[in-house]
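Below: entry-v2.txt (compact mmCIF, C-alpha atoms and all ligand atoms)
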```txt
# COMPACT_ATOMS: atom_id res chain seq x y z
CA LEU D 16 92.31 118.43 93.68
CA GLU D 17 91.32 120.57 90.67
CA LYS D 18 94.27 119.03 88.85
CA LYS D 19 92.97 115.53 89.63
CA TYR D 20 95.99 114.67 91.72
CA LYS D 21 95.81 111.91 94.27
CA ILE D 22 96.73 113.77 97.45
CA TYR D 23 98.36 112.54 100.61
CA GLY D 24 98.83 114.68 103.67
CA ILE D 25 100.65 114.32 106.95
CA VAL D 26 98.82 115.11 110.17
CA ARG D 27 100.49 115.63 113.53
CA ARG D 28 98.87 113.74 116.34
CA ASN D 29 97.28 116.22 118.68
CA SER D 30 95.16 115.81 121.80
CA CYS D 31 92.45 117.82 120.03
CA VAL D 32 91.71 114.85 117.80
CA PHE D 33 89.65 116.51 115.10
CA ASN D 34 91.77 119.55 114.43
CA TYR D 35 90.87 119.71 110.71
CA GLU D 36 88.94 122.99 110.70
CA ARG D 37 90.68 124.44 107.66
CA ILE D 38 90.40 121.33 105.49
CA ASP D 39 87.07 119.99 106.71
CA HIS D 40 85.36 120.63 103.36
CA ILE D 41 87.91 118.54 101.41
CA LYS D 42 89.07 116.09 104.07
CA ASP D 43 87.25 113.14 102.53
CA LYS D 44 89.13 113.61 99.26
CA LEU D 45 92.57 113.47 100.89
CA ASN D 46 94.59 110.52 102.14
CA LEU D 47 95.73 111.66 105.56
CA LYS D 48 98.38 109.79 107.52
CA TYR D 49 99.73 110.41 110.98
CA GLY D 50 103.35 111.56 110.85
CA ASP D 51 105.68 114.30 111.98
CA LEU D 52 108.58 116.22 110.50
CA THR D 53 110.60 115.42 113.63
CA ASP D 54 110.05 111.69 113.07
CA GLY D 55 112.16 110.57 110.11
CA SER D 56 110.93 106.98 110.18
CA SER D 57 107.33 108.17 109.80
CA LEU D 58 108.32 110.17 106.70
CA VAL D 59 110.17 107.22 105.16
CA SER D 60 107.31 104.84 105.80
CA ILE D 61 104.68 107.27 104.41
CA ILE D 62 106.69 107.88 101.22
CA ASN D 63 107.28 104.14 100.79
CA LYS D 64 103.59 103.43 101.37
CA ILE D 65 102.57 106.01 98.75
CA ILE D 66 104.94 104.45 96.22
CA SER D 67 103.94 100.86 96.96
CA THR D 68 100.21 101.64 96.70
CA ASN D 69 100.76 103.51 93.40
CA PRO D 70 103.38 101.34 91.68
CA ASP D 71 102.77 102.92 88.26
CA PHE D 72 102.97 106.51 89.41
CA GLU D 73 104.35 109.05 86.95
CA VAL D 74 105.42 111.85 89.26
CA LEU D 75 105.50 112.24 93.03
CA GLU D 76 105.44 115.92 94.03
CA ILE D 77 106.34 116.52 97.66
CA TYR D 78 105.51 119.95 99.09
CA ASN D 79 107.19 120.69 102.40
CA LEU D 80 104.83 123.30 103.82
CA GLY D 81 105.06 121.98 107.37
CA ALA D 82 106.61 124.34 109.88
CA GLN D 83 106.41 126.10 113.18
CA SER D 84 105.68 129.16 111.06
CA HIS D 85 105.12 131.90 113.63
CA VAL D 86 108.19 134.15 113.83
CA GLN D 87 107.57 135.51 117.34
CA ILE D 88 106.83 132.06 118.77
CA SER D 89 110.17 130.85 117.36
CA PHE D 90 111.90 133.05 119.97
CA GLU D 91 109.94 131.21 122.68
CA ASN D 92 110.34 127.71 121.17
CA PRO D 93 113.68 127.96 119.33
CA GLU D 94 114.72 124.31 119.59
CA TYR D 95 111.39 122.94 118.44
CA THR D 96 111.31 125.44 115.58
CA SER D 97 114.81 124.40 114.49
CA LEU D 98 113.94 120.70 114.61
CA VAL D 99 110.78 121.07 112.53
CA ASP D 100 111.76 123.87 110.14
CA GLY D 101 115.41 122.85 109.75
CA VAL D 102 116.15 119.21 110.54
CA GLY D 103 112.65 118.21 109.35
CA THR D 104 113.62 119.26 105.82
CA LEU D 105 116.81 117.21 106.07
CA LYS D 106 114.76 114.15 107.05
CA LEU D 107 112.49 114.60 104.01
CA LEU D 108 115.42 115.11 101.64
CA GLU D 109 117.16 112.03 103.06
CA ALA D 110 113.98 110.00 102.60
CA ILE D 111 114.00 111.01 98.91
CA ARG D 112 117.74 110.43 98.51
CA CYS D 113 117.32 106.85 99.78
CA LEU D 114 114.66 105.96 97.17
CA SER D 115 115.58 103.68 94.28
CA VAL D 116 117.13 105.58 91.35
CA GLU D 117 114.01 104.99 89.29
CA ASN D 118 111.64 106.37 91.95
CA GLN D 119 113.98 109.20 92.82
CA LYS D 120 113.91 110.39 89.20
CA LYS D 121 110.12 110.61 89.35
CA THR D 122 110.11 112.63 92.60
CA ARG D 123 110.03 116.42 92.80
CA PHE D 124 110.47 118.35 96.02
CA TYR D 125 109.25 121.83 96.93
CA GLN D 126 110.65 123.64 99.96
CA ALA D 127 108.77 126.56 101.53
CA SER D 128 111.61 129.06 101.91
CA THR D 129 110.70 132.53 103.10
CA SER D 130 111.38 136.23 102.71
CA GLU D 131 112.11 136.21 106.46
CA MET D 132 115.58 134.90 105.49
CA TYR D 133 116.41 138.42 104.21
CA GLY D 134 115.82 139.67 107.76
CA ALA D 135 117.54 143.00 108.34
CA VAL D 136 117.66 143.53 104.61
CA LEU D 137 120.98 144.20 102.91
CA GLU D 138 119.37 145.29 99.64
CA THR D 139 115.94 146.50 98.45
CA PRO D 140 114.04 145.08 96.65
CA GLN D 141 115.05 141.51 97.52
CA ASN D 142 115.61 138.91 94.79
CA GLU D 143 117.30 135.49 94.43
CA LYS D 144 120.76 137.10 94.59
CA THR D 145 120.18 139.27 97.67
CA PRO D 146 122.35 138.17 100.64
CA PHE D 147 120.48 136.74 103.64
CA ASN D 148 120.55 138.24 107.13
CA PRO D 149 118.06 136.27 109.28
CA GLN D 150 116.68 137.81 112.47
CA SER D 151 114.91 134.94 114.27
CA PRO D 152 115.31 131.24 115.11
CA TYR D 153 112.56 130.67 112.53
CA ALA D 154 114.50 132.43 109.77
CA CYS D 155 117.77 130.70 110.74
CA ALA D 156 116.12 127.28 110.54
CA LYS D 157 114.53 128.14 107.19
CA LEU D 158 117.89 129.33 105.88
CA TYR D 159 119.49 126.02 106.87
CA SER D 160 116.76 124.24 104.87
CA HIS D 161 117.18 126.61 101.94
CA PHE D 162 120.86 125.77 101.55
CA LEU D 163 120.24 122.05 102.15
CA VAL D 164 117.86 122.01 99.20
CA LYS D 165 120.56 123.59 97.04
CA ASN D 166 123.13 121.03 98.30
CA TYR D 167 120.89 118.05 97.60
CA ARG D 168 120.01 119.43 94.17
CA GLU D 169 123.63 119.98 93.21
CA GLY D 170 125.21 117.05 95.08
CA TYR D 171 122.66 114.30 94.45
CA ASN D 172 120.89 115.63 91.39
CA LEU D 173 117.49 115.71 93.12
CA PHE D 174 114.68 117.71 91.55
CA ALA D 175 114.42 120.07 94.53
CA CYS D 176 113.28 123.71 94.45
CA SER D 177 112.92 126.44 97.05
CA GLY D 178 110.30 129.11 96.69
CA VAL D 179 111.32 132.25 98.57
CA LEU D 180 107.80 133.43 99.24
CA PHE D 181 106.87 136.81 100.64
CA ASN D 182 103.87 136.99 103.00
CA HIS D 183 100.79 135.34 101.54
CA GLU D 184 97.42 135.62 103.15
CA SER D 185 93.85 134.37 102.88
CA GLU D 186 90.81 133.71 105.02
CA ARG D 187 92.57 130.52 106.15
CA ARG D 188 95.43 132.46 107.80
CA GLY D 189 95.88 131.59 111.49
CA ASP D 190 94.29 134.05 113.93
CA ASN D 191 97.58 135.16 115.51
CA PHE D 192 99.15 136.51 112.29
CA VAL D 193 98.77 140.23 111.90
CA THR D 194 96.46 140.37 108.84
CA LYS D 195 93.95 137.93 110.33
CA LYS D 196 94.16 139.52 113.75
CA ILE D 197 93.27 142.92 112.27
CA THR D 198 90.54 141.71 109.90
CA ASN D 199 88.90 139.54 112.60
CA PHE D 200 88.83 142.59 114.86
CA VAL D 201 87.35 144.87 112.20
CA ASN D 202 84.62 142.28 111.60
CA ALA D 203 83.88 142.10 115.31
CA ILE D 204 83.61 145.90 115.56
CA LYS D 205 81.27 145.99 112.58
CA ARG D 206 78.97 143.41 114.16
CA LEU D 207 79.07 145.14 117.53
CA LYS D 208 78.25 148.53 116.03
CA ASN D 209 75.27 146.98 114.22
CA ASP D 210 74.05 145.47 117.52
CA ILE D 211 74.51 148.78 119.32
CA ASN D 212 72.50 150.60 116.65
CA GLU D 213 69.73 148.01 116.68
CA ASN D 214 69.44 148.01 120.48
CA ASN D 215 70.14 151.72 121.02
CA ASP D 216 72.70 150.64 123.60
CA GLU D 217 75.25 153.44 123.55
CA ASN D 218 76.87 152.43 126.84
CA GLN D 219 78.29 149.23 125.42
CA GLU D 220 82.10 149.25 125.63
CA LEU D 221 84.06 148.50 122.48
CA PRO D 222 86.96 146.02 122.63
CA ILE D 223 90.53 147.17 121.90
CA LEU D 224 92.91 145.63 119.39
CA LYS D 225 96.42 145.21 120.83
CA LEU D 226 99.22 145.23 118.28
CA GLY D 227 103.03 145.32 118.25
CA ASN D 228 105.20 147.16 115.75
CA LEU D 229 102.99 149.30 113.49
CA ASN D 230 105.82 150.49 111.29
CA SER D 231 107.23 147.28 109.85
CA LYS D 232 106.45 146.82 106.17
CA ARG D 233 105.41 143.69 104.35
CA ASP D 234 104.93 142.67 100.72
CA TRP D 235 101.58 140.86 101.00
CA GLY D 236 99.87 138.70 98.39
CA HIS D 237 97.08 136.14 98.15
CA ALA D 238 97.96 132.56 99.12
CA LYS D 239 96.14 131.00 96.18
CA ASP D 240 98.41 132.76 93.65
CA TYR D 241 101.47 131.63 95.61
CA VAL D 242 100.35 128.00 95.65
CA TYR D 243 99.98 128.19 91.88
CA GLY D 244 103.56 129.51 91.76
CA MET D 245 104.81 126.58 93.87
CA TRP D 246 103.17 124.14 91.50
CA LEU D 247 104.68 125.91 88.47
CA MET D 248 108.18 125.55 89.96
CA LEU D 249 107.73 121.77 90.00
CA GLN D 250 106.51 121.68 86.37
CA GLN D 251 109.73 123.16 84.93
CA GLU D 252 112.30 121.14 83.06
CA ASN D 253 115.00 121.92 85.61
CA PRO D 254 114.81 122.60 89.35
CA ASP D 255 115.67 126.08 90.60
CA ASP D 256 114.88 128.63 93.35
CA TYR D 257 112.44 131.48 92.79
CA VAL D 258 111.23 134.56 94.66
CA LEU D 259 107.45 135.09 94.63
CA ALA D 260 106.26 138.56 95.63
CA MET D 261 103.72 141.23 94.76
CA GLU D 262 106.46 143.90 94.52
CA GLU D 263 104.52 146.38 96.69
CA THR D 264 105.08 147.06 100.37
CA TYR D 265 102.79 148.50 103.04
CA SER D 266 103.19 149.12 106.77
CA ILE D 267 101.05 147.40 109.40
CA ARG D 268 99.72 150.91 110.15
CA GLU D 269 98.51 151.26 106.54
CA PHE D 270 96.94 147.80 106.70
CA VAL D 271 95.00 148.84 109.82
CA GLU D 272 93.85 152.07 108.18
CA LYS D 273 92.70 150.29 105.01
CA ALA D 274 90.89 147.56 106.95
CA PHE D 275 88.95 150.10 109.07
CA ALA D 276 88.18 152.16 105.96
CA LYS D 277 86.16 149.14 104.76
CA ILE D 278 83.69 149.78 107.61
CA ASN D 279 83.86 153.56 107.15
CA ILE D 280 86.03 154.25 110.17
CA THR D 281 88.97 156.64 109.81
CA ILE D 282 91.75 155.94 112.29
CA GLU D 283 93.49 158.83 114.00
CA TRP D 284 96.83 158.03 115.65
CA GLN D 285 98.00 159.61 118.91
CA GLY D 286 101.11 159.12 121.07
CA GLU D 287 104.36 157.39 120.22
CA ASN D 288 106.00 153.97 120.37
CA GLU D 289 104.50 151.78 123.08
CA ASN D 290 102.13 154.60 124.11
CA GLU D 291 100.60 154.97 120.68
CA VAL D 292 96.84 154.50 120.26
CA GLY D 293 94.46 154.52 117.30
CA LEU D 294 91.07 156.24 117.69
CA ASP D 295 87.90 156.38 115.64
CA SER D 296 88.30 159.94 114.33
CA LYS D 297 84.55 160.64 114.65
CA THR D 298 83.63 159.12 118.02
CA LYS D 299 87.13 159.33 119.57
CA ASP D 300 86.74 155.76 120.87
CA ILE D 301 90.12 154.08 121.33
CA LEU D 302 90.16 151.04 119.03
CA ILE D 303 93.88 150.16 118.92
CA LYS D 304 96.66 150.15 121.49
CA VAL D 305 100.31 149.25 121.05
CA ASP D 306 101.32 146.48 123.41
CA LYS D 307 105.03 145.81 123.72
CA LYS D 308 104.24 142.15 124.42
CA TYR D 309 104.05 141.81 120.63
CA PHE D 310 107.43 143.45 119.96
CA ARG D 311 109.99 140.93 118.72
CA PRO D 312 113.56 140.74 120.10
CA CYS D 313 114.75 141.43 116.54
CA GLU D 314 112.37 142.83 113.94
CA VAL D 315 112.30 142.53 110.16
CA GLU D 316 111.45 146.13 109.29
CA LEU D 317 111.08 146.09 105.52
CA LEU D 318 110.27 143.38 103.01
CA LEU D 319 109.83 144.19 99.33
CA GLY D 320 110.30 141.45 96.76
CA ASP D 321 111.54 141.48 93.20
CA SER D 322 110.01 138.43 91.54
CA SER D 323 111.11 139.19 87.99
CA LYS D 324 112.84 135.81 87.61
CA ALA D 325 109.62 133.92 88.39
CA ARG D 326 107.55 136.32 86.27
CA ASN D 327 109.85 135.74 83.28
CA LYS D 328 110.57 132.05 83.62
CA LEU D 329 107.41 130.48 85.08
N1 LIG O 401 101.68 138.34 114.52
C1 LIG O 401 101.63 139.65 114.85
N2 LIG O 401 100.79 140.05 115.84
N3 LIG O 401 102.43 140.51 114.18
C2 LIG O 401 102.35 141.83 114.51
C3 LIG O 401 101.49 142.30 115.50
C4 LIG O 401 100.68 141.36 116.22
O1 LIG O 401 99.92 141.71 117.11
N4 LIG O 401 101.64 143.65 115.57
C5 LIG O 401 102.55 144.01 114.67
N5 LIG O 401 102.99 142.90 114.02
C6 LIG O 401 104.02 142.90 112.96
C7 LIG O 401 105.15 141.91 113.20
O2 LIG O 401 106.09 142.46 114.14
C8 LIG O 401 105.70 141.78 111.79
O3 LIG O 401 106.59 142.85 111.52
C9 LIG O 401 104.46 141.93 110.90
O4 LIG O 401 103.43 142.47 111.76
C10 LIG O 401 103.94 140.65 110.27
O5 LIG O 401 103.83 139.67 111.26
P1 LIG O 401 103.11 138.25 110.99
O6 LIG O 401 101.76 138.45 110.41
O7 LIG O 401 103.22 137.46 112.25
O8 LIG O 401 103.97 137.61 109.81
P2 LIG O 401 105.58 137.56 109.58
O9 LIG O 401 105.90 138.56 108.50
O10 LIG O 401 106.32 137.64 110.84
O11 LIG O 401 105.78 136.09 109.02
C11 LIG O 401 104.89 135.51 108.04
O12 LIG O 401 105.40 135.70 106.74
C12 LIG O 401 106.65 135.05 106.48
C13 LIG O 401 107.05 135.37 105.01
O13 LIG O 401 107.73 136.58 104.98
C14 LIG O 401 104.75 134.02 108.39
O14 LIG O 401 103.77 133.44 107.57
C15 LIG O 401 106.07 133.29 108.16
O15 LIG O 401 105.87 131.90 108.38
C16 LIG O 401 106.52 133.56 106.71
O16 LIG O 401 107.74 132.91 106.48
```
Would you kindly transcribe this structure into structure tokens?
Amino acid sequence: LEKKYKIYGIVRRNSCVFNYERIDHIKDKLNLKYGDLTDGSSLVSIINKIISTNPDFEVLEIYNLGAQSHVQISFENPEYTSLVDGVGTLKLLEAIRCLSVENQKKTRFYQASTSEMYGAVLETPQNEKTPFNPQSPYACAKLYSHFLVKNYREGYNLFACSGVLFNHESERRGDNFVTKKITNFVNAIKRLKNDINENNDENQELPILKLGNLNSKRDWGHAKDYVYGMWLMLQQENPDDYVLAMEETYSIREFVEKAFAKINITIEWQGENENEVGLDSKTKDILIKVDKKYFRPCEVELLLGDSSKARNKL
């Protein structure tokens, strides 16, 4: 919107009709259409509609950010994840391939690839040349899309890029991703402690944050920077794939410690594996428990990106 683009978006029909919480403040400035990545005809008709209502358009940038993006849920819904995150990309690429030559030349495609494709990493840090070793249905589907983009770029000359993005976070992150789960909890504890102090109610029980693997490491950045990187990829003369990363890695345990430090609580860890707990070092209240429900059948233990190509070229 800041760039004065005319923006179209695809919305999945959902029984909760007004599920626009995260875009409510800008919804009126967007052209939203019902569609679905599993429904190829909806994608074709939306793209055709955009072109026919803007016959003199200069560039059509298509960002495929749609996905079943939760890694753990992909183990529970593997087929759906594959259809949306894998075949959905194929449907979009086919819709572009079938455009007239003139319109195709004016169309640029961005694919949200992911550092999850490195999986059980074969090299550290990970860059564009690192071999992939996916560890979830989500990562397998994303890898399929990643190679499709390369095929369509090389085979049909489409302007199609993949951004291999490491974890990117913001206040808009969904509540069941680890950063938001932790920061929401820390906020709740802060509010509760304020209430307890105001009301002198020392018997009030504190809630407990249940987490999975505390030792996996992630290379986290801010989503807004990553979106800028996506846009830059589509402004280049030639299409290519790029890794975007902060080039620093921290464990979930460190994230927890840093988040609690913001409200002046030092976490003390006790026990091991699924019996591990985190206590407030002063009051000895248990604030965190490991719950094996959040362990994944296969885990990605260490992600650390090397984004020197993007830093040099973009
Ligand atoms: N979600 C979640 N919930 N993760 C937990 C928890 C928990 O209670 N406890 C520990 N973790 C660990 C996970 O096992 C994982 O190692 C790490 O925290 C991060 O998990 P998520 O925040 O769910 O993100 P992700 O790294 O699996 O995937 C995100 O980043 C990818 C890019 O690398 C998603 O945004 C993907 O869509 C994206 O591709």
Taking only C-alpha atoms and all ligand atoms and a cut-off of 8 Å, can you tell me which residues surround ligand LIG 401 (chain O), written as a compact mmCIF listing (two decimals) with C-alpha atoms, in the frame of the given file?
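The resulting file, part17.txt, is shown below:
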```txt
# COMPACT_ATOMS: atom_id res chain seq x y z
CA ALA D 82 106.61 124.34 109.88
CA GLN D 83 106.41 126.10 113.18
CA SER D 84 105.68 129.16 111.06
CA HIS D 85 105.12 131.90 113.63
CA VAL D 86 108.19 134.15 113.83
CA GLN D 87 107.57 135.51 117.34
CA SER D 128 111.61 129.06 101.91
CA THR D 129 110.70 132.53 103.10
CA SER D 130 111.38 136.23 102.71
CA GLU D 131 112.11 136.21 106.46
CA TYR D 153 112.56 130.67 112.53
CA ALA D 154 114.50 132.43 109.77
CA LEU D 180 107.80 133.43 99.24
CA PHE D 181 106.87 136.81 100.64
CA ASN D 182 103.87 136.99 103.00
CA HIS D 183 100.79 135.34 101.54
CA ASN D 191 97.58 135.16 115.51
CA PHE D 192 99.15 136.51 112.29
CA VAL D 193 98.77 140.23 111.90
CA THR D 194 96.46 140.37 108.84
CA LYS D 195 93.95 137.93 110.33
CA LYS D 196 94.16 139.52 113.75
CA LYS D 225 96.42 145.21 120.83
CA LEU D 226 99.22 145.23 118.28
CA GLY D 227 103.03 145.32 118.25
CA ASN D 228 105.20 147.16 115.75
CA LEU D 229 102.99 149.30 113.49
CA ASN D 230 105.82 150.49 111.29
CA SER D 231 107.23 147.28 109.85
CA LYS D 232 106.45 146.82 106.17
CA ARG D 233 105.41 143.69 104.35
CA ASP D 234 104.93 142.67 100.72
CA ILE D 267 101.05 147.40 109.40
CA VAL D 305 100.31 149.25 121.05
CA TYR D 309 104.05 141.81 120.63
CA PHE D 310 107.43 143.45 119.96
CA ARG D 311 109.99 140.93 118.72
CA GLU D 314 112.37 142.83 113.94
CA VAL D 315 112.30 142.53 110.16
CA GLU D 316 111.45 146.13 109.29
CA LEU D 318 110.27 143.38 103.01
```
Just want the 9 Å neighbourhood of Pro254 in chain D, counted on only C-alpha atoms, with same-chain residues fewer than 3 positions away dropped. Output as a PDB file with C-alpha atoms, in the frame of the given file.
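Okay, part.pdb is ready:
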```pdb
ATOM      1  CA  ARG D 123     110.030 116.420  92.800  1.00  0.00           C
ATOM      2  CA  ARG D 168     120.010 119.430  94.170  1.00  0.00           C
ATOM      3  CA  LEU D 173     117.490 115.710  93.120  1.00  0.00           C
ATOM      4  CA  PHE D 174     114.680 117.710  91.550  1.00  0.00           C
ATOM      5  CA  ALA D 175     114.420 120.070  94.530  1.00  0.00           C
ATOM      6  CA  CYS D 176     113.280 123.710  94.450  1.00  0.00           C
ATOM      7  CA  SER D 177     112.920 126.440  97.050  1.00  0.00           C
ATOM      8  CA  MET D 248     108.180 125.550  89.960  1.00  0.00           C
ATOM      9  CA  LEU D 249     107.730 121.770  90.000  1.00  0.00           C
ATOM     10  CA  GLN D 250     106.510 121.680  86.370  1.00  0.00           C
ATOM     11  CA  GLN D 251     109.730 123.160  84.930  1.00  0.00           C
TER      12      GLN D 251
END
```
Exercise: Ser322 in chain D partners within 8 Å, all atoms listed in the file, chain neighbours under 4 positions left out, as a PyMOL selection string: chain D and resi 142+257-262+326
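Computed from the coordinates, the CA of Tyr95 in chain D to CA of Pro152 in chain D distance equals 9.8 Å.
The closest residue to Glu184 in chain D, picked from D:Asn172, D:Thr198, D:Thr139, D:Asn212 and counting all atoms listed in the file, is D:Thr198.
One distance worth recording is that between CA of Ile111 in chain D and CA of Gly50 in chain D, which is 16.0 Å.
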Residue contacts of Gly103 in chain D (10 Å, all atoms listed in the file) excluding same-chain residues fewer than 3 positions away, as a short mmCIF file (atom, residue, chain, number, x, y, z; two decimals) with C-alpha atoms, in the frame of the given file:
```cif
data_model
loop_
_atom_site.label_atom_id
_atom_site.label_comp_id
_atom_site.auth_asym_id
_atom_site.auth_seq_id
_atom_site.Cartn_x
_atom_site.Cartn_y
_atom_site.Cartn_z
CA ASP D 51 105.68 114.30 111.98
CA LEU D 52 108.58 116.22 110.50
CA THR D 53 110.60 115.42 113.63
CA ASP D 54 110.05 111.69 113.07
CA GLY D 55 112.16 110.57 110.11
CA LEU D 58 108.32 110.17 106.70
CA ASN D 79 107.19 120.69 102.40
CA GLY D 81 105.06 121.98 107.37
CA ALA D 82 106.61 124.34 109.88
CA THR D 96 111.31 125.44 115.58
CA SER D 97 114.81 124.40 114.49
CA LEU D 98 113.94 120.70 114.61
CA VAL D 99 110.78 121.07 112.53
CA ASP D 100 111.76 123.87 110.14
CA LYS D 106 114.76 114.15 107.05
CA LEU D 107 112.49 114.60 104.01
CA LEU D 108 115.42 115.11 101.64
CA GLU D 109 117.16 112.03 103.06
CA ALA D 156 116.12 127.28 110.54
CA SER D 160 116.76 124.24 104.87
#
```
Residue contacts of Tyr49 in chain D (7 Å, all atoms listed in the file) excluding same-chain residues fewer than 3 positions away, as a list in words: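 Listing them by chain and then by number gives Ile25, Val26, Arg27 and Arg28 of chain D.
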Option closest in space to Ile197 in chain D, from D:Pro140, D:Ala274, D:Glu269, D:Lys239 [counting only C-alpha atoms]: D:Ala274
Between CA of Gln150 in chain D and CA of Asp255 in chain D, distance in Å (one decimal): 24.8 Å
Distance query Thr145 in chain D at most 10 Å, only C-alpha atoms, self and fewer than 4 positions along chain excluded, as JSON, numbers by chain: {"D": [133, 136, 137, 138, 139, 140, 141, 321]}
